[in-house]
2 protein chains.
Amino acid sequence: MDKLVSLCKRHGFIFQSSEIYGGTGSVWDYGPLGVELKRNIKDHWWRVMVQSRDDIEGLDAAILMHPRVWEASGHVAGFTDPLVDCKTCKGRFRADKLEDARCPQKPSKRPGEWEACALTPPRQFNLMFKTFMGPLEESASVVYLRPETAQGIYVNFLNVQQSTRQKIPFGIAQIGKAFRNEITPGNFIFRTREFEQMEMQFFVEPGTDMAWFETWKAERMAWHLSLGLDPDRLQYHQHTNEELAHYARAAYDVQFDFGGSLGFQEIEGVHNRGDFDLTRHQEYSGKKLEYFDQPNNRRYVPCVVETSVGADRVTLAVLVNSYREEIVEGETEGRTVLGLHPALAPIKAGVFPLVKKDGMPEFATKLAADLRSRIPVFYDESGSIGRRYRRQDEVGTPFCITVDGQTAVDQTVTIRERDSLRQERISAASVSEYIVTRIDR
Amino acid sequence: MDKLVSLCKRHGFIFQSSEIYGGTGSVWDYGPLGVELKRNIKDHWWRVMVQSRDDIEGLDAAILMHPRVWEASGHVAGFTDPLVDCKTCKGRFRADKLEDARCPQKPSKRPGEWEACALTPPRQFNLMFKTFMGPLEESASVVYLRPETAQGIYVNFLNVQQSTRQKIPFGIAQIGKAFRNEITPGNFIFRTREFEQMEMQFFVEPGTDMAWFETWKAERMAWHLSLGLDPDRLQYHQHTNEELAHYARAAYDVQFDFGGSLGFQEIEGVHNRGDFDLTRHQEYSGKKLEYFDQPNNRRYVPCVVETSVGADRVTLAVLVNSYREEIVEGETEGRTVLGLHPALAPIKAGVFPLVKKDGMPEFATKLAADLRSRIPVFYDESGSIGRRYRRQDEVGTPFCITVDGQTAVDQTVTIRERDSLRQERISAASVSEYIVTRIDR
């Protein structure tokens, strides 16, 4: 993980937020390559979940919502971690994670290990960030930064259904930021206080919910595989009765093996939430949230099957999955490769002149400019050709195109494939088509 | 505007946030069509500003930043509105906008109009939303929701420059949410407390800043025209000395004429900010933010030319610009049209069977499914064909394809163009290509 964090900073995938000020706790910024990688993942999700289907509608609800939403959802009362204070060192720790905590006065010791430790009984601490809307700092204007995007979908259920005239079963999907004031965030972008979710809520007729739950469980695993994640690093984890939220009828996590001390961890949750959410919002808002089933002339509150992915976690999974160090046959120096799926790679091709003379830079610059209107490419003329290849290997670029002495003769270039290291000679005019057909899914 | 707000709700462009709870003040949610329209606008900006150029890098910095950032930027001290309290009615009003305010006790009267009004002297009220990070609610952990995305770019200037090896002049661009606790928000999505910015900061050598300022002023106007905004509704507004921020060397707004009482209003700002921002962050962070100009062997703090667009404002401008009601020649009933640029339209084509028999629904359903893998289409078989056309006119769909009796004979369909109402007969197999060539820029 340390090597990956270092590569991410060096090549502009991910920087620590406000680094010049010493950083902001567990908040990260996506750099030039990171923003494109994450965009490619999000766009792929949007295409698969929304644009390629006629039974799922998109939504982009605001982060700030009416505070009653979080009473109805149960977050005001129950979205808490138990905390204890130490009267000796004044530290504050999660009561259920004391073994991971460190005493601020004696970092080598763990709270609870010494007699001097004076821990208070656990108190519940709410994980929602709160702020104040309007010019008065009083309780009437308290609003929360949403801890999940799902509630924006539930409260808009009828707005979406009526404006699109969708019939059940149908879904509503959205991508957006959420915030949790985690006490113990960490592991790079795995658990952060500001994160991005890709959530889809599928509204179904009661009684059909378990069948739809199974369908979505399978669909979502297929999506993770389509990113190029190693099947051996993916597994389902079924929630036990203790893990299951009180309203949930069934829940599976999709877990990815991040390796090291992290191991298998949740990257997506698939939940059968029953009719809990819409029923609660009916109750708290006083507005009916029923669906009218015209053919059968009856009204009911739909059940919800939820699929909820962390965009940052999937991005991390994709990075971890693709990182490798290897010795190339016949070479002494090793290379580091991000073996990203070509559709996800931030840069699709590096374009290089073999040397900085004989018109090669001019030809390569023009080729890069032509390609750029269609695919993201990177022009590089600095350093040895081997070093330029290695740089593109490290950021996951699937192809490298080199303009050489032969190019001026017959308008051909070499094209090198990142993983196989195979080189072909093709006409410069066909490069664009060559790459597009190989990066399309 | 009222008609547009109503259309936006009816067709699922924009809903009031948390509407079932009575709404959240001046916060809005984008519905199924709104999210696609806004995505198309944002993607166009990203393509033009980042992906099609080799001198601008993308970034996605977090909303939560180190609090010192906002001291350096001047927001903690100076991002304020002057407020007065009325001791009689307990209302709070903007001192500089008293003429627009209404007394909460007597809404027909304006504060200041009666002798009974007891207004306090103006006090400065900070517009940043503040919240608390970490488990302790004390001043050490106060963080702000960013009121602009620009600072995320400044603090990452060297991270981006070094990881990409860009040479000055170059830019950093980002799209993201920002928050301002406005006292008097309003006008639909024009001024909201939560909004999305598309900002680009271009770093240049001191002395070249005014030339770059002129370049970007022209480039950005061209971008707004490329959205299909009416040239007569666009103008520059040059900041007077009174309007100019103390650090700014020159500033122009791009204004759009929203009509009605709103009139010409800012949708984008182009600013020559000099070296103010990087110099302040150097000072507050104690970290050098200088660029090393290798050929000339000198170090300097670059100047910044900023282009800052409101994504929601541009979306509103596009909606206002495209909304029209008209009488079609030879028809008695009028129609409402969103004359959106085809590249921005959320749905590119409606696909209809003329009647629900003779295999037409089956043919049309299959055609719609085939098209959907390439372009967003909407299948509709309910109501008269005229009504289905009108529905697509209202949401800005540029083409409608009808499967009729002739289709079974020769595999042709009619294709109707939204604005000219011209209908052509073309082969069903060529529909995809027909549309793609007409929506591409």
# chains A, B, ... in the order shown; residues from 1 in each chain; ligands from 1
>>> residues_around(residues="region 252-269 of chain A", least_positions_apart="2", cutoff="7 Å", atoms="only C-alpha atoms", output="JSON list (two decimals) with all heavy atoms, in the first residue's frame")
[["chain", "number", "residue", "atom", "x", "y", "z"],
["A", 233, "ARG", "N", -10.08, -12.23, -6.14],
["A", 233, "ARG", "CA", -10.04, -11.20, -5.10],
["A", 233, "ARG", "C", -11.43, -10.69, -4.75],
["A", 233, "ARG", "O", -11.56, -9.75, -3.97],
["A", 233, "ARG", "CB", -9.16, -10.04, -5.55],
["A", 233, "ARG", "CG", -7.72, -10.43, -5.82],
["A", 233, "ARG", "CD", -6.88, -9.24, -6.20],
["A", 233, "ARG", "NE", -6.34, -8.59, -5.01],
["A", 233, "ARG", "CZ", -5.17, -7.99, -4.97],
["A", 233, "ARG", "NH1", -4.40, -7.95, -6.05],
["A", 233, "ARG", "NH2", -4.75, -7.41, -3.86],
["A", 234, "LEU", "N", -12.46, -11.25, -5.38],
["A", 234, "LEU", "CA", -13.84, -10.81, -5.11],
["A", 234, "LEU", "C", -14.60, -11.92, -4.41],
["A", 234, "LEU", "O", -14.45, -13.09, -4.75],
["A", 234, "LEU", "CB", -14.55, -10.45, -6.42],
["A", 234, "LEU", "CG", -14.13, -9.14, -7.08],
["A", 234, "LEU", "CD1", -14.68, -9.07, -8.51],
["A", 234, "LEU", "CD2", -14.60, -7.93, -6.29],
["A", 235, "GLN", "N", -15.42, -11.55, -3.44],
["A", 235, "GLN", "CA", -16.30, -12.54, -2.81],
["A", 235, "GLN", "C", -17.54, -11.85, -2.26],
["A", 235, "GLN", "O", -17.57, -10.63, -2.07],
["A", 235, "GLN", "CB", -15.56, -13.29, -1.68],
["A", 235, "GLN", "CG", -15.27, -12.42, -0.46],
["A", 235, "GLN", "CD", -14.53, -13.18, 0.65],
["A", 235, "GLN", "OE1", -13.87, -14.19, 0.40],
["A", 235, "GLN", "NE2", -14.62, -12.69, 1.88],
["A", 236, "TYR", "N", -18.58, -12.67, -2.06],
["A", 236, "TYR", "CA", -19.76, -12.16, -1.35],
["A", 236, "TYR", "C", -19.55, -12.38, 0.14],
["A", 236, "TYR", "O", -18.97, -13.38, 0.56],
["A", 236, "TYR", "CB", -21.01, -12.95, -1.75],
["A", 236, "TYR", "CG", -21.51, -12.71, -3.13],
["A", 236, "TYR", "CD1", -21.49, -13.73, -4.08],
["A", 236, "TYR", "CD2", -22.04, -11.47, -3.50],
["A", 236, "TYR", "CE1", -21.99, -13.54, -5.36],
["A", 236, "TYR", "CE2", -22.53, -11.27, -4.78],
["A", 236, "TYR", "CZ", -22.50, -12.30, -5.71],
["A", 236, "TYR", "OH", -22.99, -12.10, -6.97],
["A", 237, "HIS", "N", -20.08, -11.47, 0.92],
["A", 237, "HIS", "CA", -20.16, -11.70, 2.36],
["A", 237, "HIS", "C", -21.61, -11.50, 2.77],
["A", 237, "HIS", "O", -22.17, -10.41, 2.60],
["A", 237, "HIS", "CB", -19.26, -10.71, 3.11],
["A", 237, "HIS", "CG", -19.56, -10.66, 4.58],
["A", 237, "HIS", "ND1", -19.20, -11.66, 5.45],
["A", 237, "HIS", "CD2", -20.23, -9.73, 5.33],
["A", 237, "HIS", "CE1", -19.61, -11.34, 6.66],
["A", 237, "HIS", "NE2", -20.24, -10.18, 6.62],
["A", 238, "GLN", "N", -22.23, -12.57, 3.27],
["A", 238, "GLN", "CA", -23.63, -12.45, 3.67],
["A", 238, "GLN", "C", -23.70, -11.90, 5.09],
["A", 238, "GLN", "O", -22.99, -12.37, 5.98],
["A", 238, "GLN", "CB", -24.31, -13.83, 3.62],
["A", 238, "GLN", "CG", -25.80, -13.73, 3.95],
["A", 238, "GLN", "CD", -26.53, -15.05, 3.80],
["A", 238, "GLN", "OE1", -25.90, -16.10, 3.62],
["A", 238, "GLN", "NE2", -27.86, -15.00, 3.84],
["A", 239, "HIS", "N", -24.55, -10.89, 5.29],
["A", 239, "HIS", "CA", -24.70, -10.34, 6.64],
["A", 239, "HIS", "C", -25.35, -11.38, 7.55],
["A", 239, "HIS", "O", -26.36, -11.99, 7.18],
["A", 239, "HIS", "CB", -25.57, -9.08, 6.61],
["A", 239, "HIS", "CG", -24.84, -7.88, 6.10],
["A", 239, "HIS", "ND1", -25.06, -6.60, 6.58],
["A", 239, "HIS", "CD2", -23.87, -7.76, 5.17],
["A", 239, "HIS", "CE1", -24.28, -5.76, 5.95],
["A", 239, "HIS", "NE2", -23.54, -6.43, 5.09],
["A", 271, "HIS", "N", -28.71, -4.67, -0.69],
["A", 271, "HIS", "CA", -29.61, -4.82, 0.45],
["A", 271, "HIS", "C", -31.05, -4.93, 0.03],
["A", 271, "HIS", "O", -31.50, -4.19, -0.84],
["A", 271, "HIS", "CB", -29.48, -3.59, 1.38],
["A", 271, "HIS", "CG", -28.09, -3.27, 1.78],
["A", 271, "HIS", "ND1", -27.50, -2.07, 1.49],
["A", 271, "HIS", "CD2", -27.16, -4.01, 2.42],
["A", 271, "HIS", "CE1", -26.26, -2.07, 1.96],
["A", 271, "HIS", "NE2", -26.02, -3.24, 2.52],
["A", 307, "THR", "N", -28.50, -1.10, -4.26],
["A", 307, "THR", "CA", -27.10, -1.44, -4.54],
["A", 307, "THR", "C", -26.29, -0.18, -4.30],
["A", 307, "THR", "O", -26.57, 0.86, -4.87],
["A", 307, "THR", "CB", -26.89, -1.94, -5.99],
["A", 307, "THR", "OG1", -26.99, -0.84, -6.89],
["A", 307, "THR", "CG2", -27.93, -3.00, -6.36],
["A", 308, "SER", "N", -25.28, -0.26, -3.44],
["A", 308, "SER", "CA", -24.56, 0.93, -2.99],
["A", 308, "SER", "C", -23.06, 0.70, -3.05],
["A", 308, "SER", "O", -22.50, -0.08, -2.28],
["A", 308, "SER", "CB", -25.00, 1.24, -1.55],
["A", 308, "SER", "OG", -24.19, 2.26, -1.03],
["A", 309, "VAL", "N", -22.41, 1.38, -3.97],
["A", 309, "VAL", "CA", -20.96, 1.23, -4.15],
["A", 309, "VAL", "C", -20.23, 2.47, -3.70],
["A", 309, "VAL", "O", -20.71, 3.58, -3.95],
["A", 309, "VAL", "CB", -20.56, 1.11, -5.65],
["A", 309, "VAL", "CG1", -19.27, 0.34, -5.80],
["A", 309, "VAL", "CG2", -21.66, 0.59, -6.51],
["A", 310, "GLY", "N", -19.07, 2.30, -3.09],
["A", 310, "GLY", "CA", -18.20, 3.44, -2.82],
["A", 310, "GLY", "C", -17.30, 3.69, -4.02],
["A", 310, "GLY", "O", -16.50, 2.82, -4.37],
["A", 313, "ARG", "N", -13.70, 3.59, -2.99],
["A", 313, "ARG", "CA", -13.24, 2.23, -2.69],
["A", 313, "ARG", "C", -13.02, 1.42, -3.96],
["A", 313, "ARG", "O", -12.06, 0.66, -4.05],
["A", 313, "ARG", "CB", -14.27, 1.51, -1.81],
["A", 313, "ARG", "CG", -14.25, 2.07, -0.40],
["A", 313, "ARG", "CD", -15.05, 1.19, 0.54],
["A", 313, "ARG", "NE", -15.01, 1.78, 1.87],
["A", 313, "ARG", "CZ", -15.56, 1.25, 2.95],
["A", 313, "ARG", "NH1", -16.20, 0.09, 2.84],
["A", 313, "ARG", "NH2", -15.47, 1.83, 4.11],
["A", 314, "VAL", "N", -13.93, 1.58, -4.92],
["A", 314, "VAL", "CA", -13.74, 0.86, -6.18],
["A", 314, "VAL", "C", -12.49, 1.37, -6.88],
["A", 314, "VAL", "O", -11.72, 0.59, -7.45],
["A", 314, "VAL", "CB", -14.98, 0.98, -7.09],
["A", 314, "VAL", "CG1", -14.69, 0.41, -8.47],
["A", 314, "VAL", "CG2", -16.16, 0.24, -6.47],
["A", 317, "ALA", "N", -9.69, -0.23, -5.20],
["A", 317, "ALA", "CA", -9.63, -1.65, -5.57],
["A", 317, "ALA", "C", -9.00, -1.80, -6.96],
["A", 317, "ALA", "O", -8.15, -2.68, -7.18],
["A", 317, "ALA", "CB", -11.04, -2.27, -5.55],
["A", 320, "VAL", "N", -5.22, -1.14, -6.59],
["A", 320, "VAL", "CA", -4.55, -2.26, -5.92],
["A", 320, "VAL", "C", -4.49, -3.48, -6.84],
["A", 320, "VAL", "O", -3.46, -4.14, -6.96],
["A", 320, "VAL", "CB", -5.29, -2.62, -4.60],
["A", 320, "VAL", "CG1", -4.81, -3.96, -4.05],
["A", 320, "VAL", "CG2", -5.10, -1.52, -3.56]]
>>> residues_around(residues="region 27-35 of chain B", least_positions_apart="2", cutoff="6 Å", atoms="only C-alpha atoms", output="number ranges by chain")
A: 57-62; B: 12-17, 24-25, 37-39, 192, 346
>>> write_last_selection(atoms="all heavy atoms", output="compact mmCIF listing (two decimals), in the first residue's frame")
# COMPACT_ATOMS: atom_id res chain seq x y z
N GLU A 57 -33.80 5.34 -13.82
CA GLU A 57 -33.70 6.77 -14.09
C GLU A 57 -32.59 7.38 -13.25
O GLU A 57 -32.36 6.95 -12.11
CB GLU A 57 -35.03 7.47 -13.73
CG GLU A 57 -36.25 6.95 -14.48
CD GLU A 57 -36.24 7.37 -15.95
OE1 GLU A 57 -35.51 8.32 -16.29
OE2 GLU A 57 -36.98 6.75 -16.74
N GLY A 58 -31.93 8.39 -13.78
CA GLY A 58 -30.89 9.09 -13.04
C GLY A 58 -31.45 10.19 -12.16
O GLY A 58 -32.57 10.66 -12.37
N LEU A 59 -30.66 10.59 -11.17
CA LEU A 59 -31.06 11.68 -10.27
C LEU A 59 -29.77 12.32 -9.75
O LEU A 59 -28.73 11.66 -9.68
CB LEU A 59 -31.87 11.10 -9.10
CG LEU A 59 -32.43 12.09 -8.06
CD1 LEU A 59 -33.61 12.86 -8.66
CD2 LEU A 59 -32.90 11.36 -6.80
N ASP A 60 -29.84 13.60 -9.41
CA ASP A 60 -28.72 14.25 -8.73
C ASP A 60 -29.30 15.14 -7.64
O ASP A 60 -29.55 16.32 -7.86
CB ASP A 60 -27.87 15.04 -9.72
CG ASP A 60 -26.64 15.66 -9.07
OD1 ASP A 60 -26.34 15.32 -7.90
OD2 ASP A 60 -25.98 16.50 -9.71
N ALA A 61 -29.53 14.54 -6.49
CA ALA A 61 -30.13 15.28 -5.37
C ALA A 61 -29.05 16.03 -4.61
O ALA A 61 -27.88 15.64 -4.62
CB ALA A 61 -30.85 14.31 -4.43
N ALA A 62 -29.45 17.11 -3.95
CA ALA A 62 -28.49 17.96 -3.25
C ALA A 62 -27.95 17.28 -1.99
O ALA A 62 -28.57 16.36 -1.45
CB ALA A 62 -29.14 19.29 -2.89
N GLY B 12 -39.44 16.34 -14.98
CA GLY B 12 -38.32 15.71 -14.28
C GLY B 12 -36.97 16.33 -14.59
O GLY B 12 -35.95 15.63 -14.61
N PHE B 13 -36.93 17.65 -14.84
CA PHE B 13 -35.63 18.32 -14.94
C PHE B 13 -35.13 18.70 -13.55
O PHE B 13 -34.02 18.37 -13.16
CB PHE B 13 -35.71 19.57 -15.82
CG PHE B 13 -35.67 19.29 -17.30
CD1 PHE B 13 -36.84 19.15 -18.03
CD2 PHE B 13 -34.46 19.17 -17.96
CE1 PHE B 13 -36.81 18.89 -19.40
CE2 PHE B 13 -34.41 18.91 -19.32
CZ PHE B 13 -35.59 18.76 -20.04
N ILE B 14 -35.97 19.41 -12.82
CA ILE B 14 -35.53 19.95 -11.52
C ILE B 14 -36.69 19.90 -10.52
O ILE B 14 -37.80 20.35 -10.83
CB ILE B 14 -35.03 21.41 -11.68
CG1 ILE B 14 -33.81 21.46 -12.60
CG2 ILE B 14 -34.67 22.02 -10.31
CD1 ILE B 14 -33.47 22.83 -13.13
N PHE B 15 -36.40 19.33 -9.34
CA PHE B 15 -37.38 19.28 -8.26
C PHE B 15 -36.85 20.11 -7.08
O PHE B 15 -35.64 20.22 -6.90
CB PHE B 15 -37.56 17.84 -7.75
CG PHE B 15 -37.89 16.83 -8.80
CD1 PHE B 15 -37.11 15.69 -8.97
CD2 PHE B 15 -39.00 17.00 -9.62
CE1 PHE B 15 -37.42 14.73 -9.92
CE2 PHE B 15 -39.32 16.05 -10.59
CZ PHE B 15 -38.52 14.91 -10.75
N GLN B 16 -37.77 20.57 -6.25
CA GLN B 16 -37.35 21.22 -5.02
C GLN B 16 -36.78 20.14 -4.09
O GLN B 16 -37.34 19.04 -3.99
CB GLN B 16 -38.54 21.89 -4.37
CG GLN B 16 -38.13 22.90 -3.31
CD GLN B 16 -39.32 23.53 -2.63
OE1 GLN B 16 -40.46 23.13 -2.83
NE2 GLN B 16 -39.04 24.52 -1.79
N SER B 17 -35.66 20.45 -3.42
CA SER B 17 -35.06 19.46 -2.52
C SER B 17 -35.99 19.17 -1.35
O SER B 17 -36.60 20.08 -0.80
CB SER B 17 -33.72 20.00 -2.00
OG SER B 17 -33.27 19.24 -0.91
N THR B 24 -36.26 22.45 1.13
CA THR B 24 -35.10 23.02 1.82
C THR B 24 -34.83 24.34 1.12
O THR B 24 -34.83 24.40 -0.10
CB THR B 24 -33.88 22.08 1.66
OG1 THR B 24 -34.28 20.76 2.02
CG2 THR B 24 -32.74 22.52 2.55
N GLY B 25 -34.61 25.38 1.90
CA GLY B 25 -34.49 26.72 1.34
C GLY B 25 -33.50 26.84 0.21
O GLY B 25 -32.31 26.66 0.41
N LEU B 37 -29.02 16.67 -18.77
CA LEU B 37 -28.72 17.98 -19.37
C LEU B 37 -27.48 18.59 -18.72
O LEU B 37 -26.55 19.05 -19.41
CB LEU B 37 -29.93 18.92 -19.19
CG LEU B 37 -29.72 20.38 -19.61
CD1 LEU B 37 -29.39 20.49 -21.10
CD2 LEU B 37 -30.96 21.23 -19.28
N LYS B 38 -27.45 18.57 -17.39
CA LYS B 38 -26.31 19.16 -16.69
C LYS B 38 -25.03 18.37 -16.96
O LYS B 38 -23.95 18.95 -17.13
CB LYS B 38 -26.61 19.22 -15.19
CG LYS B 38 -25.71 20.15 -14.41
CD LYS B 38 -26.12 20.20 -12.94
CE LYS B 38 -25.13 21.00 -12.13
NZ LYS B 38 -25.35 20.83 -10.67
N ARG B 39 -25.14 17.04 -17.00
CA ARG B 39 -23.98 16.21 -17.36
C ARG B 39 -23.44 16.58 -18.73
O ARG B 39 -22.23 16.64 -18.93
CB ARG B 39 -24.38 14.73 -17.41
CG ARG B 39 -24.28 13.97 -16.11
CD ARG B 39 -24.79 12.54 -16.29
NE ARG B 39 -23.82 11.71 -16.99
CZ ARG B 39 -22.87 11.00 -16.40
NH1 ARG B 39 -22.75 11.03 -15.09
NH2 ARG B 39 -22.03 10.28 -17.10
N THR B 192 -28.25 29.75 -5.34
CA THR B 192 -28.62 28.70 -4.40
C THR B 192 -27.52 28.55 -3.36
O THR B 192 -26.40 29.03 -3.56
CB THR B 192 -28.79 27.35 -5.13
OG1 THR B 192 -27.60 27.06 -5.86
CG2 THR B 192 -29.96 27.41 -6.11
N PRO B 346 -31.17 15.85 -23.37
CA PRO B 346 -31.07 14.64 -22.55
C PRO B 346 -31.49 13.40 -23.33
O PRO B 346 -30.92 12.33 -23.14
CB PRO B 346 -32.06 14.88 -21.40
CG PRO B 346 -32.39 16.32 -21.42
CD PRO B 346 -32.13 16.83 -22.79
>>> atom_distance(atom1="CA of Phe202 (chain B)", atom2="CA of Asp277 (chain B)")
12.2 Å
>>> select_by_dssp(residues="region 192-420 of chain A", states="helix (DSSP H, G or I)", output="ChimeraX atom specification")
/A:209-226,231-233,276-285,311-322,360-372,385-394,405-410
>>> select_by_dssp(residues="region 92-316 of chain A", states="strand (DSSP E)", output="ChimeraX atom specification")
/A:92-94,123-126,130-132,142-144,170-179,194-204,234-238,250-257,264-274,291-293,298-300,303-310
>>> residues_around(residues="Phe203 (chain B)", least_positions_apart="5", cutoff="9 Å", atoms="only C-alpha atoms", output="list in words")
Phe157, Ile168, Pro169, Phe170, Gly171, Ile172, Asp209, Pro302, Cys303, Val304, Val305 and Glu306 of chain B
>>> write_last_selection(atoms="N, CA and C atoms", output="PDB file, in the first residue's frame")
ATOM      1  N   PHE B 157      -1.123  23.477  -6.692  1.00  0.00           N
ATOM      2  CA  PHE B 157      -0.387  23.945  -7.864  1.00  0.00           C
ATOM      3  C   PHE B 157       0.902  23.166  -8.108  1.00  0.00           C
ATOM      4  N   ILE B 168       4.960  26.295 -17.622  1.00  0.00           N
ATOM      5  CA  ILE B 168       4.140  27.499 -17.715  1.00  0.00           C
ATOM      6  C   ILE B 168       4.234  28.079 -19.110  1.00  0.00           C
ATOM      7  N   PRO B 169       3.134  28.526 -19.755  1.00  0.00           N
ATOM      8  CA  PRO B 169       1.792  28.647 -19.199  1.00  0.00           C
ATOM      9  C   PRO B 169       1.006  27.336 -19.266  1.00  0.00           C
ATOM     10  N   PHE B 170       0.313  27.020 -18.180  1.00  0.00           N
ATOM     11  CA  PHE B 170      -0.600  25.876 -18.191  1.00  0.00           C
ATOM     12  C   PHE B 170      -1.704  26.116 -17.170  1.00  0.00           C
ATOM     13  N   GLY B 171      -2.772  25.322 -17.275  1.00  0.00           N
ATOM     14  CA  GLY B 171      -3.923  25.525 -16.399  1.00  0.00           C
ATOM     15  C   GLY B 171      -4.304  24.270 -15.642  1.00  0.00           C
ATOM     16  N   ILE B 172      -5.099  24.460 -14.588  1.00  0.00           N
ATOM     17  CA  ILE B 172      -5.688  23.351 -13.825  1.00  0.00           C
ATOM     18  C   ILE B 172      -7.190  23.625 -13.744  1.00  0.00           C
ATOM     19  N   ASP B 209       0.237  38.269 -18.200  1.00  0.00           N
ATOM     20  CA  ASP B 209      -1.095  37.987 -17.657  1.00  0.00           C
ATOM     21  C   ASP B 209      -2.206  38.733 -18.386  1.00  0.00           C
ATOM     22  N   PRO B 302       3.894  32.442 -10.197  1.00  0.00           N
ATOM     23  CA  PRO B 302       3.115  32.735 -11.399  1.00  0.00           C
ATOM     24  C   PRO B 302       1.910  33.632 -11.111  1.00  0.00           C
ATOM     25  N   CYS B 303       1.444  34.318 -12.144  1.00  0.00           N
ATOM     26  CA  CYS B 303       0.163  35.011 -12.067  1.00  0.00           C
ATOM     27  C   CYS B 303      -0.938  34.050 -12.512  1.00  0.00           C
ATOM     28  N   VAL B 304      -2.162  34.355 -12.116  1.00  0.00           N
ATOM     29  CA  VAL B 304      -3.289  33.473 -12.396  1.00  0.00           C
ATOM     30  C   VAL B 304      -4.383  34.214 -13.162  1.00  0.00           C
ATOM     31  N   VAL B 305      -4.800  33.621 -14.277  1.00  0.00           N
ATOM     32  CA  VAL B 305      -6.017  34.070 -14.956  1.00  0.00           C
ATOM     33  C   VAL B 305      -7.074  33.006 -14.699  1.00  0.00           C
ATOM     34  N   GLU B 306      -8.169  33.414 -14.102  1.00  0.00           N
ATOM     35  CA  GLU B 306      -9.214  32.471 -13.684  1.00  0.00           C
ATOM     36  C   GLU B 306     -10.441  32.585 -14.582  1.00  0.00           C
TER      37      GLU B 306
END
>>> atom_distance(atom1="CA of Arg388 (chain A)", atom2="CA of Cys8 (chain A)")
17.6 Å
>>> residues_around(residues="region 67-69 of chain A", least_positions_apart="3", cutoff="9 Å", atoms="only C-alpha atoms", output="list in words")
Leu64, Ala72, Ser73, Gly74, His75, Val76, Ser141, Val142, Val143, Tyr144, Gln151, Gly152, Val155, His281, Tyr284 and Ser285 of chain A; Ser18, Tyr21 and Thr24 of chain B
>>> residues_around(residues="Lys356 (chain B)", least_positions_apart="5", cutoff="10 Å", atoms="only C-alpha atoms", output="JSON, numbers by chain")
{"B": [361, 362, 381, 382]}
>>> closest_residue(among="B:Phe399, B:Tyr434, B:Tyr389, B:Phe93", to="chain A", atoms="only C-alpha atoms")
B:Phe93
>>> closest_residue(among="A:Ser6, A:Gln124, A:Ser373, A:Gln294", to="chain B", atoms="only C-alpha atoms")
A:Ser373
>>> residues_around(residues="Asn40 (chain B)", least_positions_apart="5", cutoff="8 Å", atoms="only C-alpha atoms", output="short mmCIF file (atom, residue, chain, number, x, y, z; two decimals) with N, CA, C and O atoms, in the first residue's frame")
data_model
loop_
_atom_site.label_atom_id
_atom_site.label_comp_id
_atom_site.auth_asym_id
_atom_site.auth_seq_id
_atom_site.Cartn_x
_atom_site.Cartn_y
_atom_site.Cartn_z
N ALA B 343 -26.61 18.35 -29.05
CA ALA B 343 -25.57 17.74 -28.22
C ALA B 343 -25.92 17.82 -26.73
O ALA B 343 -25.41 17.04 -25.94
N LEU B 344 -26.75 18.78 -26.34
CA LEU B 344 -27.11 18.94 -24.93
C LEU B 344 -28.40 18.23 -24.55
O LEU B 344 -28.66 18.00 -23.37
N ALA B 345 -29.23 17.90 -25.54
CA ALA B 345 -30.54 17.32 -25.25
C ALA B 345 -30.40 16.02 -24.45
O ALA B 345 -29.59 15.16 -24.81
N PRO B 346 -31.17 15.85 -23.37
CA PRO B 346 -31.07 14.64 -22.55
C PRO B 346 -31.49 13.40 -23.33
O PRO B 346 -30.92 12.33 -23.14
#
